$ cat upload-v1.txt   # compact mmCIF, C-alpha atoms and all ligand atoms
# COMPACT_ATOMS: atom_id res chain seq x y z
CA MET Y 571 0.00 0.00 0.00
CA LEU Y 572 1.21 3.54 -0.71
CA ASN Y 573 1.72 6.14 2.03
CA PHE Y 574 -1.15 8.54 2.53
CA ASN Y 575 -2.61 11.38 4.61
CA PHE Y 576 -6.34 11.00 5.02
CA TYR Y 577 -8.35 13.97 6.25
CA ASN Y 578 -12.08 14.46 5.91
CA PRO Y 579 -13.76 16.93 8.24
CA THR Y 580 -17.23 17.05 6.61
CA ARG Y 581 -20.16 16.25 8.90
CA ILE Y 582 -22.90 14.33 7.09
CA LEU Y 583 -26.53 14.88 8.08
CA PHE Y 584 -28.26 11.99 6.33
CA GLY Y 585 -31.97 11.28 6.00
CA ALA Y 586 -35.43 12.70 5.47
CA GLY Y 587 -36.08 15.92 7.37
CA LYS Y 588 -32.42 16.64 8.12
CA ILE Y 589 -32.46 20.16 6.61
CA ALA Y 590 -34.04 21.38 9.85
CA GLU Y 591 -30.79 20.52 11.68
CA ILE Y 592 -28.58 22.95 9.77
CA SER Y 593 -29.49 25.59 12.30
CA GLN Y 594 -27.20 23.80 14.78
CA PHE Y 595 -24.19 24.16 12.50
CA VAL Y 596 -24.43 27.65 11.01
CA PRO Y 597 -23.31 30.31 13.51
CA GLN Y 598 -26.25 32.28 14.88
CA ASP Y 599 -24.72 35.63 13.97
CA ALA Y 600 -23.54 34.60 10.49
CA ARG Y 601 -24.20 36.69 7.40
CA VAL Y 602 -25.18 33.82 5.12
CA LEU Y 603 -25.14 33.67 1.33
CA VAL Y 604 -27.36 30.87 0.02
CA LEU Y 605 -26.24 29.82 -3.46
CA TYR Y 606 -28.36 27.78 -5.84
CA GLY Y 607 -28.76 26.84 -9.49
CA GLY Y 608 -31.15 27.59 -12.30
CA GLY Y 609 -34.35 27.27 -10.31
CA SER Y 610 -34.91 23.66 -9.24
CA ALA Y 611 -34.10 24.49 -5.60
CA ARG Y 612 -36.83 27.12 -5.61
CA SER Y 613 -39.46 25.19 -7.58
CA THR Y 614 -39.05 22.02 -5.52
CA GLY Y 615 -39.43 23.82 -2.21
CA THR Y 616 -35.97 22.87 -0.97
CA LEU Y 617 -34.82 26.49 -0.92
CA ALA Y 618 -37.81 27.52 1.19
CA GLU Y 619 -37.05 24.72 3.64
CA VAL Y 620 -33.43 25.87 3.91
CA LEU Y 621 -34.44 29.49 4.47
CA ALA Y 622 -36.88 28.43 7.16
CA ALA Y 623 -34.16 26.43 8.90
CA LEU Y 624 -31.87 29.48 8.91
CA GLY Y 625 -34.50 31.34 10.92
CA GLU Y 626 -33.62 34.88 11.95
CA ARG Y 627 -30.09 34.94 10.52
CA THR Y 628 -29.13 37.60 7.98
CA VAL Y 629 -29.51 35.80 4.68
CA PHE Y 630 -28.73 36.79 1.09
CA GLU Y 631 -29.45 34.72 -2.02
CA PHE Y 632 -27.48 34.13 -5.20
CA GLY Y 633 -29.27 32.03 -7.84
CA GLY Y 634 -28.39 31.14 -11.39
CA ILE Y 635 -25.28 28.97 -10.98
CA GLU Y 636 -25.41 26.92 -14.17
CA PRO Y 637 -24.49 23.25 -14.75
CA ASN Y 638 -20.69 23.24 -15.23
CA PRO Y 639 -20.50 26.47 -13.25
CA SER Y 640 -18.87 29.37 -15.00
CA TYR Y 641 -16.14 31.61 -13.69
CA GLU Y 642 -18.11 34.52 -15.09
CA THR Y 643 -21.24 33.78 -13.01
CA LEU Y 644 -19.27 32.86 -9.91
CA SER Y 645 -17.33 36.11 -10.10
CA ARG Y 646 -20.65 37.95 -9.68
CA ALA Y 647 -21.31 35.90 -6.55
CA VAL Y 648 -17.83 36.83 -5.28
CA ASP Y 649 -18.59 40.53 -5.83
CA MET Y 650 -21.88 40.18 -3.97
CA ALA Y 651 -20.32 38.30 -1.06
CA ARG Y 652 -17.61 40.92 -0.70
CA ALA Y 653 -20.09 43.81 -0.92
CA GLU Y 654 -22.43 42.29 1.68
CA ARG Y 655 -19.60 41.16 4.00
CA ILE Y 656 -20.80 37.55 3.82
CA ASP Y 657 -19.08 35.21 6.27
CA TYR Y 658 -20.85 31.88 5.62
CA LEU Y 659 -21.86 30.14 2.37
CA LEU Y 660 -24.65 27.61 2.03
CA ALA Y 661 -24.83 25.73 -1.29
CA VAL Y 662 -28.20 24.21 -2.25
CA GLY Y 663 -28.12 22.02 -5.35
CA GLY Y 664 -26.07 19.51 -7.32
CA GLY Y 665 -22.35 19.24 -7.91
CA SER Y 666 -22.27 22.42 -9.96
CA VAL Y 667 -23.68 24.58 -7.18
CA LEU Y 668 -21.46 22.93 -4.58
CA ASP Y 669 -18.33 23.26 -6.72
CA GLY Y 670 -19.19 26.86 -7.58
CA SER Y 671 -19.69 27.66 -3.90
CA LYS Y 672 -16.30 26.19 -3.03
CA PHE Y 673 -14.76 28.48 -5.60
CA VAL Y 674 -16.61 31.49 -4.18
CA ALA Y 675 -15.47 30.47 -0.68
CA ALA Y 676 -11.84 30.56 -1.79
CA ALA Y 677 -12.15 33.59 -4.08
CA VAL Y 678 -13.81 36.02 -1.63
CA PRO Y 679 -10.75 36.42 0.64
CA PHE Y 680 -8.28 35.93 -2.25
CA GLU Y 681 -6.00 38.82 -3.11
CA GLY Y 682 -5.21 39.18 -6.80
CA ASP Y 683 -6.64 37.58 -9.93
CA THR Y 684 -9.07 34.87 -8.82
CA TRP Y 685 -8.61 32.93 -12.08
CA SER Y 686 -5.15 32.02 -10.81
CA ILE Y 687 -6.92 29.76 -8.27
CA LEU Y 688 -7.90 27.57 -11.23
CA GLU Y 689 -4.58 27.95 -13.04
CA LYS Y 690 -2.77 26.78 -9.92
CA ARG Y 691 -5.39 24.07 -9.24
CA GLY Y 692 -6.10 25.53 -5.79
CA SER Y 693 -2.54 25.29 -4.46
CA ASN Y 694 -2.53 29.07 -3.82
CA ILE Y 695 -5.65 29.02 -1.61
CA THR Y 696 -4.64 30.19 1.87
CA ARG Y 697 -8.04 31.16 3.26
CA ALA Y 698 -11.67 30.31 2.49
CA LEU Y 699 -15.07 31.21 3.88
CA PRO Y 700 -16.70 28.35 5.78
CA MET Y 701 -19.50 26.64 3.90
CA GLY Y 702 -22.21 24.06 4.27
CA ALA Y 703 -24.19 22.21 1.59
CA VAL Y 704 -27.63 20.76 0.94
CA LEU Y 705 -27.26 18.19 -1.83
CA THR Y 706 -30.10 17.63 -4.30
CA LEU Y 707 -28.36 15.44 -6.90
CA PRO Y 708 -26.29 12.36 -5.99
CA ALA Y 709 -23.33 12.10 -8.40
CA THR Y 710 -20.15 14.06 -7.86
CA GLY Y 711 -19.13 13.49 -4.25
CA SER Y 712 -18.54 17.24 -3.98
CA GLU Y 713 -20.59 17.17 -0.78
CA MET Y 714 -17.79 15.36 1.05
CA ASN Y 715 -14.61 16.32 -0.76
CA SER Y 716 -12.40 19.36 -1.17
CA GLY Y 717 -12.50 19.71 -4.95
CA GLY Y 718 -14.41 21.64 -7.56
CA VAL Y 719 -14.48 22.19 -11.31
CA VAL Y 720 -15.05 25.61 -12.89
CA THR Y 721 -15.38 26.61 -16.55
CA ARG Y 722 -14.26 29.88 -18.08
CA LYS Y 723 -16.82 30.27 -20.81
CA ALA Y 724 -14.81 32.85 -22.73
CA THR Y 725 -11.95 30.41 -23.34
CA HIS Y 726 -13.71 27.01 -22.98
CA ALA Y 727 -11.33 26.09 -20.17
CA LYS Y 728 -12.80 23.65 -17.62
CA LEU Y 729 -10.30 23.30 -14.78
CA ALA Y 730 -10.36 21.45 -11.45
CA PHE Y 731 -9.05 22.81 -8.17
CA SER Y 732 -8.85 21.52 -4.63
CA SER Y 733 -7.78 22.64 -1.19
CA PRO Y 734 -8.22 21.22 2.31
CA LEU Y 735 -9.85 24.58 3.09
CA CYS Y 736 -12.71 23.80 0.68
CA PHE Y 737 -14.35 20.85 2.41
CA PRO Y 738 -17.95 21.67 3.33
CA GLN Y 739 -18.25 21.87 7.13
CA PHE Y 740 -21.46 19.87 6.82
CA SER Y 741 -23.60 18.41 4.05
CA VAL Y 742 -27.26 17.49 4.27
CA LEU Y 743 -28.09 14.35 2.28
CA ASP Y 744 -31.87 14.02 2.30
CA PRO Y 745 -32.85 11.36 -0.26
CA THR Y 746 -36.35 12.82 -0.62
CA LYS Y 747 -34.78 15.96 -2.12
CA THR Y 748 -33.78 13.86 -5.14
CA TYR Y 749 -37.37 12.81 -5.93
CA THR Y 750 -37.80 15.62 -8.46
CA LEU Y 751 -34.75 14.62 -10.53
CA PRO Y 752 -35.41 13.71 -14.15
CA PRO Y 753 -34.25 10.18 -15.19
CA ARG Y 754 -31.40 11.74 -17.17
CA GLN Y 755 -29.82 13.09 -13.97
CA ILE Y 756 -30.32 9.80 -12.09
CA ALA Y 757 -28.49 8.05 -14.94
CA ASN Y 758 -25.75 10.67 -14.90
CA GLY Y 759 -25.31 10.16 -11.17
CA LEU Y 760 -25.02 6.39 -11.47
CA VAL Y 761 -22.38 6.71 -14.19
CA ASP Y 762 -20.40 9.50 -12.53
CA ALA Y 763 -20.16 7.55 -9.26
CA PHE Y 764 -19.22 4.39 -11.16
CA VAL Y 765 -16.41 6.16 -13.01
CA HIS Y 766 -15.14 7.87 -9.84
CA THR Y 767 -14.75 4.43 -8.33
CA MET Y 768 -13.02 3.09 -11.43
CA GLU Y 769 -10.54 5.99 -11.54
CA GLN Y 770 -9.32 4.97 -8.09
CA TYR Y 771 -9.53 1.21 -8.57
CA LEU Y 772 -8.59 0.25 -12.11
CA THR Y 773 -4.85 0.97 -12.00
CA TYR Y 774 -2.25 -1.55 -10.79
CA PRO Y 775 -2.25 -3.66 -7.63
CA VAL Y 776 -0.55 -2.30 -4.50
CA ASN Y 777 -2.14 -4.73 -2.06
CA GLY Y 778 -4.74 -2.24 -0.88
CA LEU Y 779 -7.02 -5.07 0.11
CA ALA Y 780 -9.74 -3.07 1.85
CA GLN Y 781 -9.67 -0.31 -0.79
CA ASP Y 782 -10.16 -2.89 -3.55
CA ARG Y 783 -13.01 -4.69 -1.80
CA PHE Y 784 -14.64 -1.40 -0.88
CA ALA Y 785 -14.42 -0.15 -4.48
CA GLU Y 786 -15.77 -3.44 -5.82
CA GLY Y 787 -18.65 -3.18 -3.33
CA LEU Y 788 -19.51 0.31 -4.54
CA LEU Y 789 -19.40 -0.80 -8.20
CA GLN Y 790 -21.62 -3.80 -7.48
CA THR Y 791 -24.03 -1.62 -5.53
CA LEU Y 792 -24.34 0.78 -8.48
CA ILE Y 793 -24.89 -2.14 -10.88
CA GLU Y 794 -27.60 -3.51 -8.58
CA LEU Y 795 -29.23 -0.12 -8.08
CA ALA Y 796 -29.24 0.99 -11.72
CA PRO Y 797 -32.28 -0.93 -13.01
CA ARG Y 798 -34.21 -0.22 -9.81
CA ALA Y 799 -33.44 3.50 -9.89
CA MET Y 800 -34.19 3.85 -13.59
CA GLN Y 801 -37.50 1.96 -13.52
CA GLU Y 802 -38.90 2.81 -10.15
CA GLY Y 803 -42.06 4.67 -11.24
CA GLU Y 804 -42.76 6.45 -7.97
CA PRO Y 805 -39.51 7.46 -6.25
CA ASP Y 806 -38.38 4.85 -3.75
CA TYR Y 807 -36.72 6.09 -0.55
CA ASP Y 808 -34.33 3.19 -0.17
CA ASN Y 809 -33.17 3.35 -3.79
CA ARG Y 810 -32.50 7.06 -3.45
CA ALA Y 811 -30.83 6.68 -0.06
CA ASN Y 812 -28.51 4.00 -1.39
CA LEU Y 813 -27.67 5.97 -4.51
CA MET Y 814 -26.96 9.07 -2.48
CA TRP Y 815 -24.63 7.43 0.03
CA THR Y 816 -22.88 5.30 -2.58
CA ALA Y 817 -22.11 8.36 -4.73
CA THR Y 818 -20.71 10.15 -1.67
CA LEU Y 819 -18.52 7.20 -0.69
CA ALA Y 820 -17.20 6.94 -4.25
CA LEU Y 821 -15.37 10.25 -3.98
CA ASN Y 822 -14.84 11.21 -0.35
CA GLY Y 823 -11.20 10.15 -0.34
CA LEU Y 824 -11.60 6.81 1.42
CA ILE Y 825 -11.25 4.36 -1.48
CA GLY Y 826 -8.46 6.45 -3.02
CA ALA Y 827 -6.26 6.52 0.09
CA GLY Y 828 -3.08 4.51 -0.33
CA VAL Y 829 -3.71 3.41 -3.92
CA PRO Y 830 -2.67 4.81 -7.33
CA GLN Y 831 -5.28 6.92 -9.12
CA ASP Y 832 -5.92 7.38 -12.82
CA TRP Y 833 -8.29 10.35 -13.63
CA ALA Y 834 -7.44 10.38 -17.35
CA THR Y 835 -11.08 9.71 -18.24
CA HIS Y 836 -12.14 12.78 -16.26
CA MET Y 837 -9.50 15.06 -17.74
CA ILE Y 838 -10.40 14.07 -21.31
CA GLY Y 839 -14.11 14.25 -20.45
CA HIS Y 840 -13.79 17.78 -19.05
CA GLU Y 841 -12.53 18.97 -22.44
CA LEU Y 842 -15.54 17.38 -24.16
CA THR Y 843 -17.87 19.24 -21.81
CA ALA Y 844 -16.01 22.53 -22.19
CA LEU Y 845 -16.04 22.33 -25.99
CA TYR Y 846 -19.40 20.70 -26.72
CA GLY Y 847 -21.51 21.07 -23.57
CA ILE Y 848 -22.01 17.31 -23.12
CA ASP Y 849 -23.12 16.44 -19.55
CA HIS Y 850 -20.14 15.50 -17.36
CA ALA Y 851 -21.15 11.86 -16.78
CA ARG Y 852 -21.95 11.38 -20.46
CA THR Y 853 -18.41 12.33 -21.45
CA LEU Y 854 -17.07 9.72 -19.03
CA ALA Y 855 -19.17 6.98 -20.64
CA ILE Y 856 -17.57 7.80 -23.99
CA VAL Y 857 -14.01 7.86 -22.72
CA LEU Y 858 -13.68 5.18 -20.01
CA PRO Y 859 -14.22 2.05 -22.14
CA GLN Y 860 -11.56 3.25 -24.57
CA VAL Y 861 -9.12 4.11 -21.77
CA MET Y 862 -9.58 0.55 -20.50
CA GLN Y 863 -8.88 -0.75 -24.01
CA ALA Y 864 -5.89 1.50 -24.70
CA ARG Y 865 -4.28 0.79 -21.30
CA ARG Y 866 -5.15 -2.90 -21.09
CA GLU Y 867 -1.53 -4.04 -20.75
CA ALA Y 868 -0.65 -1.63 -17.91
CA LYS Y 869 -3.99 -2.35 -16.20
CA ARG Y 870 -4.01 -6.09 -16.97
CA GLU Y 871 -4.01 -7.44 -13.41
CA LYS Y 872 -6.71 -5.09 -12.17
CA LEU Y 873 -8.80 -5.65 -15.31
CA LEU Y 874 -8.80 -9.39 -14.60
CA GLN Y 875 -9.66 -8.78 -10.96
CA TYR Y 876 -12.47 -6.40 -12.02
CA ALA Y 877 -13.81 -8.95 -14.50
CA ALA Y 878 -13.91 -11.72 -11.91
CA ARG Y 879 -15.06 -9.85 -8.83
CA VAL Y 880 -17.42 -7.24 -10.25
CA TRP Y 881 -18.89 -9.06 -13.27
CA GLN Y 882 -18.19 -12.71 -12.29
CA ILE Y 883 -16.44 -13.30 -15.63
CA THR Y 884 -14.27 -16.36 -15.06
CA GLU Y 885 -14.37 -18.25 -18.37
CA GLY Y 886 -12.01 -17.83 -21.31
CA SER Y 887 -8.46 -16.62 -21.82
CA ASP Y 888 -7.13 -13.54 -20.05
CA ASP Y 889 -7.71 -11.41 -23.13
CA GLU Y 890 -11.22 -12.74 -23.62
CA ARG Y 891 -12.11 -11.95 -20.01
CA ILE Y 892 -10.70 -8.43 -20.35
CA ASP Y 893 -12.66 -7.89 -23.57
CA ALA Y 894 -15.81 -9.12 -21.85
CA ALA Y 895 -15.28 -6.82 -18.85
CA ILE Y 896 -14.82 -3.78 -21.08
CA ALA Y 897 -17.93 -4.72 -23.05
CA ARG Y 898 -19.97 -5.15 -19.84
CA THR Y 899 -18.84 -1.72 -18.67
CA ALA Y 900 -20.03 -0.04 -21.87
CA GLN Y 901 -23.28 -2.04 -21.76
CA PHE Y 902 -23.86 -0.84 -18.22
CA PHE Y 903 -23.65 2.79 -19.34
CA GLU Y 904 -25.91 2.08 -22.34
CA SER Y 905 -28.39 0.29 -20.05
CA VAL Y 906 -29.17 3.57 -18.28
CA GLY Y 907 -29.58 5.37 -21.60
CA ILE Y 908 -26.10 6.89 -21.84
CA PRO Y 909 -24.33 6.47 -25.19
CA THR Y 910 -20.68 5.45 -25.35
CA ARG Y 911 -19.77 6.88 -28.75
CA LEU Y 912 -18.92 10.38 -29.93
CA SER Y 913 -21.11 9.81 -32.98
CA ALA Y 914 -24.17 9.83 -30.67
CA TYR Y 915 -23.44 13.56 -30.27
CA GLN Y 916 -22.78 14.05 -34.00
CA LEU Y 917 -19.07 14.49 -33.30
CA GLY Y 918 -16.33 13.20 -35.61
CA GLY Y 919 -12.64 13.61 -36.33
CA GLU Y 920 -12.67 17.39 -35.92
CA ALA Y 921 -13.74 16.92 -32.30
CA VAL Y 922 -10.80 14.59 -31.72
CA ASP Y 923 -8.42 17.28 -33.01
CA ALA Y 924 -10.05 19.95 -30.85
CA VAL Y 925 -9.97 17.87 -27.64
CA VAL Y 926 -6.33 16.86 -28.13
CA LYS Y 927 -5.40 20.49 -28.74
CA ALA Y 928 -7.23 21.60 -25.59
CA LEU Y 929 -5.61 18.87 -23.49
CA THR Y 930 -2.21 20.00 -24.69
CA GLU Y 931 -2.98 23.65 -23.97
CA HIS Y 932 -4.09 22.75 -20.44
CA GLY Y 933 -0.95 20.75 -19.71
CA MET Y 934 -2.83 17.42 -19.73
CA VAL Y 935 0.00 15.69 -21.55
CA LYS Y 936 0.95 12.91 -19.11
CA LEU Y 937 -2.32 11.52 -17.82
CA GLY Y 938 -3.14 8.37 -15.90
CA GLU Y 939 -1.59 6.48 -13.00
CA GLN Y 940 1.58 5.82 -15.02
CA ARG Y 941 1.56 9.31 -16.61
CA ALA Y 942 1.68 7.46 -19.92
CA ILE Y 943 -1.35 9.01 -21.65
CA THR Y 944 0.31 11.53 -23.91
CA PRO Y 945 -1.69 13.62 -26.40
CA GLU Y 946 -1.03 10.84 -28.95
CA VAL Y 947 -2.58 8.24 -26.65
CA SER Y 948 -5.53 10.56 -25.93
CA ARG Y 949 -5.98 10.86 -29.70
CA ALA Y 950 -6.07 7.08 -30.07
CA ILE Y 951 -8.58 6.82 -27.20
CA LEU Y 952 -10.88 9.39 -28.79
CA GLU Y 953 -10.54 7.92 -32.29
CA ALA Y 954 -11.54 4.54 -30.88
CA ALA Y 955 -14.62 6.23 -29.37
CA LEU Y 956 -15.86 7.61 -32.70
O1 LIG Z 1001 -29.74 24.34 -11.95
P1 LIG Z 1001 -30.92 23.68 -11.37
O2 LIG Z 1001 -32.19 24.33 -11.71
O3 LIG Z 1001 -30.77 23.43 -9.90
O4 LIG Z 1001 -31.04 22.22 -12.09
C1 LIG Z 1001 -30.04 21.23 -11.98
C2 LIG Z 1001 -29.23 21.10 -13.26
O5 LIG Z 1001 -29.94 21.52 -14.39
C3 LIG Z 1001 -30.73 19.90 -11.90
N1 LIG Z 1001 -31.10 19.49 -10.53
C4 LIG Z 1001 -30.29 19.40 -9.44
N2 LIG Z 1001 -30.99 18.92 -8.40
C5 LIG Z 1001 -32.26 18.74 -8.83
C6 LIG Z 1001 -32.34 19.11 -10.19
N3 LIG Z 1001 -33.49 19.02 -10.90
C7 LIG Z 1001 -34.58 18.56 -10.26
N4 LIG Z 1001 -34.57 18.17 -8.96
C8 LIG Z 1001 -33.43 18.23 -8.22
N5 LIG Z 1001 -33.42 17.77 -6.96
O6 LIG Z 1001 -29.79 18.97 -12.41
C9 LIG Z 1001 -29.01 19.61 -13.42
C10 LIG Z 1001 -27.57 19.19 -13.29
O7 LIG Z 1001 -27.02 19.68 -12.07
P2 LIG Z 1001 -25.44 19.67 -11.82
O8 LIG Z 1001 -25.21 20.21 -10.47
O9 LIG Z 1001 -24.76 20.32 -12.96
O10 LIG Z 1001 -25.08 18.12 -11.90
P3 LIG Z 1001 -23.99 17.26 -11.16
O11 LIG Z 1001 -24.30 17.08 -9.73
O12 LIG Z 1001 -23.82 16.06 -11.99
O13 LIG Z 1001 -22.66 18.16 -11.21
C11 LIG Z 1001 -21.84 18.21 -12.36
C12 LIG Z 1001 -20.66 19.13 -12.10
O14 LIG Z 1001 -19.81 18.60 -11.08
C13 LIG Z 1001 -18.46 18.50 -11.55
C14 LIG Z 1001 -18.66 18.27 -13.03
O15 LIG Z 1001 -17.49 18.53 -13.78
C15 LIG Z 1001 -19.78 19.23 -13.36
O16 LIG Z 1001 -19.29 20.55 -13.52
N6 LIG Z 1001 -17.73 17.46 -10.82
C16 LIG Z 1001 -17.33 17.73 -9.56
C17 LIG Z 1001 -16.57 16.85 -8.82
C18 LIG Z 1001 -16.12 17.15 -7.44
N7 LIG Z 1001 -16.38 18.32 -6.91
O17 LIG Z 1001 -15.50 16.32 -6.81
C19 LIG Z 1001 -16.14 15.57 -9.36
C20 LIG Z 1001 -16.86 15.18 -10.61
O18 LIG Z 1001 -16.05 14.29 -11.31
C21 LIG Z 1001 -17.24 16.29 -11.51
O19 LIG Z 1001 -16.14 16.67 -12.33
ZN ZN Z 1002 -17.04 12.85 -12.27
$ encode --input "upload-v1.txt" --output "structure tokens" --more "lines below"
Ligand code: NZQ
Ligand code: ZN
Amino acid sequence: MLNFNFYNPTRILFGAGKIAEISQFVPQDARVLVLYGGGSARSTGTLAEVLAALGERTVFEFGGIEPNPSYETLSRAVDMARAERIDYLLAVGGGSVLDGSKFVAAAVPFEGDTWSILEKRGSNITRALPMGAVLTLPATGSEMNSGGVVTRKATHAKLAFSSPLCFPQFSVLDPTKTYTLPPRQIANGLVDAFVHTMEQYLTYPVNGLAQDRFAEGLLQTLIELAPRAMQEGEPDYDNRANLMWTATLALNGLIGAGVPQDWATHMIGHELTALYGIDHARTLAIVLPQVMQARREAKREKLLQYAARVWQITEGSDDERIDAAIARTAQFFESVGIPTRLSAYQLGGEAVDAVVKALTEHGMVKLGEQRAITPEVSRAILEAAL
């Protein structure tokens, strides 16, 4: 096992009705900025519930944080927070609102050009406002990690940042708040959580026995949940509760501690979102199967372990079992209605050129756990996904 520092200070308030408890964790005299997205928080009543829980505190609102939150919009929130002397942030929404709020938390006390927070991937964050979160979309794990992803619309740059100062102090995970999600977002959440697990699992063995079994358990849980969550008719509390907690566990640092991590699929996927607006999880479904294929030699041992333990594929030669495991992975994404080909988005060779160029511009030239995914390898991965 590799050396690691594990730190996760986020308090989780899990279950129906838990929004009422946030009052215990936001200081009574705080000047609170509640941040939310394009309107779902308001129309579903979640925002009203949050405001009621905040009681008599001084509260300001900032709505309109878009999916794949933009630096441009977030900069307006930073201006507002500075003008109103905000000292506590409360994010109400999905990963985009949470990520955007983390950026605002770091940017408000930042001296100098706040874009440099993204350029330096968060390493220059020295202070941040405290924040809490109310999650309405299980997918990203942002509710219990210290990272975020922000897009500069003007330049189509989608960059990730992280800092130990950006963990939410608390996150409310109330499964009933996901009942209003359209099936497309449930599917996105299943696939995003699946790929987060794979990025930390499908590398090379380092004898992280518990990490491997934990990751395999999360993958199997998502596979079991997928048909239930996609065909449930009326929302089912237990399905939603399991999806919510599984997605959180997939990216709260635990399964990634002490093991190599890949993240090439995410870095390539971010460029697809920045250039073509494809939902985050949908980009991952295009890229991951081809990363598995392109890196099958370096990932051979873990691919065979994945085939046997996650999909119970035990027949055939090593290469046949690896082929079958990659095929099952793509079928899983397709089974929840998420395509695995660029052609499904009417994208061809010109998109491959554009993504490779963007990766190069953003310094994404040695991706993966072995740092072996050069722009040429990324090109081969994308060409195989046409
Ligand atoms: O904007 P509103 O009106 O709120 O609507 C949102 C949005 O249109 C809607 N929605 C959210 N909760 C809802 C709801 N609609 C009905 N009922 C509800 N309860 O869902 C749409 C998508 O929301 P968004 O927050 O964009 O989705 P998601 O949670 O998938 O977040 C995606 C973002 O997270 C980043 C992605 O890159 C992307 O920008 N990621 C963040 C990570 C992290 N912080 O660790 C890791 C991930 O890999 C990912 O990169
Ligand atoms: Zn993701």
$ closest_residue --input "upload-v1.txt" --among "Y:Ser610, Y:Thr721, Y:Ser733, Y:Thr767" --to "ligand LIG 1001 (chain Z)" --atoms "all atoms listed in the file"
Y:Ser610
$ atom_distance --input "upload-v1.txt" --atom1 "atom C13 of ligand LIG 1001 (chain Z)" --atom2 "atom CA of Pro597 of chain Y"
28.1 Å
$ closest_residue --input "upload-v1.txt" --among "Y:Gln790, Y:Ser593, Y:Asn575, Y:Ser948" --to "Met934 of chain Y" --atoms "all atoms listed in the file"
Y:Ser948
$ residues_near_ligand --input "upload-v1.txt" --ligand "ligand ZN 1002 (chain Z)" --cutoff "8 Å" --atoms "all atoms listed in the file" --output "list of chain:residue names"
Y:Ala709, Y:Thr710, Y:Asp762, Y:Ala763, Y:Val765, Y:His766, Y:His836, Y:His850, Y:Ala851, Y:Leu854
$ closest_residue --input "upload-v1.txt" --among "Y:Glu713, Y:Ala675, Y:Trp815, Y:Ala730" --to "Arg697 of chain Y" --atoms "only C-alpha atoms"
Y:Ala675
$ residues_near_ligand --input "upload-v1.txt" --ligand "ligand LIG 1001 (chain Z)" --cutoff "6 Å" --atoms "all atoms listed in the file" --output "VMD selection string"
chain Y and resid 607 to 611 636 to 638 663 to 667 669 706 to 707 709 to 712 717 to 719 747 to 748 750 to 751 850
$ write_last_selection --input "upload-v1.txt" --atoms "C-alpha atoms" --output "JSON list (two decimals), in the frame of the given file"
[["chain", "number", "residue", "atom", "x", "y", "z"],
["Y", 607, "GLY", "CA", -28.76, 26.84, -9.49],
["Y", 608, "GLY", "CA", -31.15, 27.59, -12.30],
["Y", 609, "GLY", "CA", -34.35, 27.27, -10.31],
["Y", 610, "SER", "CA", -34.91, 23.66, -9.24],
["Y", 611, "ALA", "CA", -34.10, 24.49, -5.60],
["Y", 636, "GLU", "CA", -25.41, 26.92, -14.17],
["Y", 637, "PRO", "CA", -24.49, 23.25, -14.75],
["Y", 638, "ASN", "CA", -20.69, 23.24, -15.23],
["Y", 663, "GLY", "CA", -28.12, 22.02, -5.35],
["Y", 664, "GLY", "CA", -26.07, 19.51, -7.32],
["Y", 665, "GLY", "CA", -22.35, 19.24, -7.91],
["Y", 666, "SER", "CA", -22.27, 22.42, -9.96],
["Y", 667, "VAL", "CA", -23.68, 24.58, -7.18],
["Y", 669, "ASP", "CA", -18.33, 23.26, -6.72],
["Y", 706, "THR", "CA", -30.10, 17.63, -4.30],
["Y", 707, "LEU", "CA", -28.36, 15.44, -6.90],
["Y", 709, "ALA", "CA", -23.33, 12.10, -8.40],
["Y", 710, "THR", "CA", -20.15, 14.06, -7.86],
["Y", 711, "GLY", "CA", -19.13, 13.49, -4.25],
["Y", 712, "SER", "CA", -18.54, 17.24, -3.98],
["Y", 717, "GLY", "CA", -12.50, 19.71, -4.95],
["Y", 718, "GLY", "CA", -14.41, 21.64, -7.56],
["Y", 719, "VAL", "CA", -14.48, 22.19, -11.31],
["Y", 747, "LYS", "CA", -34.78, 15.96, -2.12],
["Y", 748, "THR", "CA", -33.78, 13.86, -5.14],
["Y", 750, "THR", "CA", -37.80, 15.62, -8.46],
["Y", 751, "LEU", "CA", -34.75, 14.62, -10.53],
["Y", 850, "HIS", "CA", -20.14, 15.50, -17.36]]
$ decode --input "upload-v1.txt" --residues "segment 866-880 of chain Y" --atoms "C-alpha atoms" --output "CSV table (one decimal), in the first residue's frame"
chain,number,residue,atom,x,y,z
Y,866,ARG,CA,-5.2,-2.9,-21.1
Y,867,GLU,CA,-1.5,-4.0,-20.7
Y,868,ALA,CA,-0.6,-1.6,-17.9
Y,869,LYS,CA,-4.0,-2.4,-16.2
Y,870,ARG,CA,-4.0,-6.1,-17.0
Y,871,GLU,CA,-4.0,-7.4,-13.4
Y,872,LYS,CA,-6.7,-5.1,-12.2
Y,873,LEU,CA,-8.8,-5.7,-15.3
Y,874,LEU,CA,-8.8,-9.4,-14.6
Y,875,GLN,CA,-9.7,-8.8,-11.0
Y,876,TYR,CA,-12.5,-6.4,-12.0
Y,877,ALA,CA,-13.8,-9.0,-14.5
Y,878,ALA,CA,-13.9,-11.7,-11.9
Y,879,ARG,CA,-15.1,-9.9,-8.8
Y,880,VAL,CA,-17.4,-7.2,-10.3
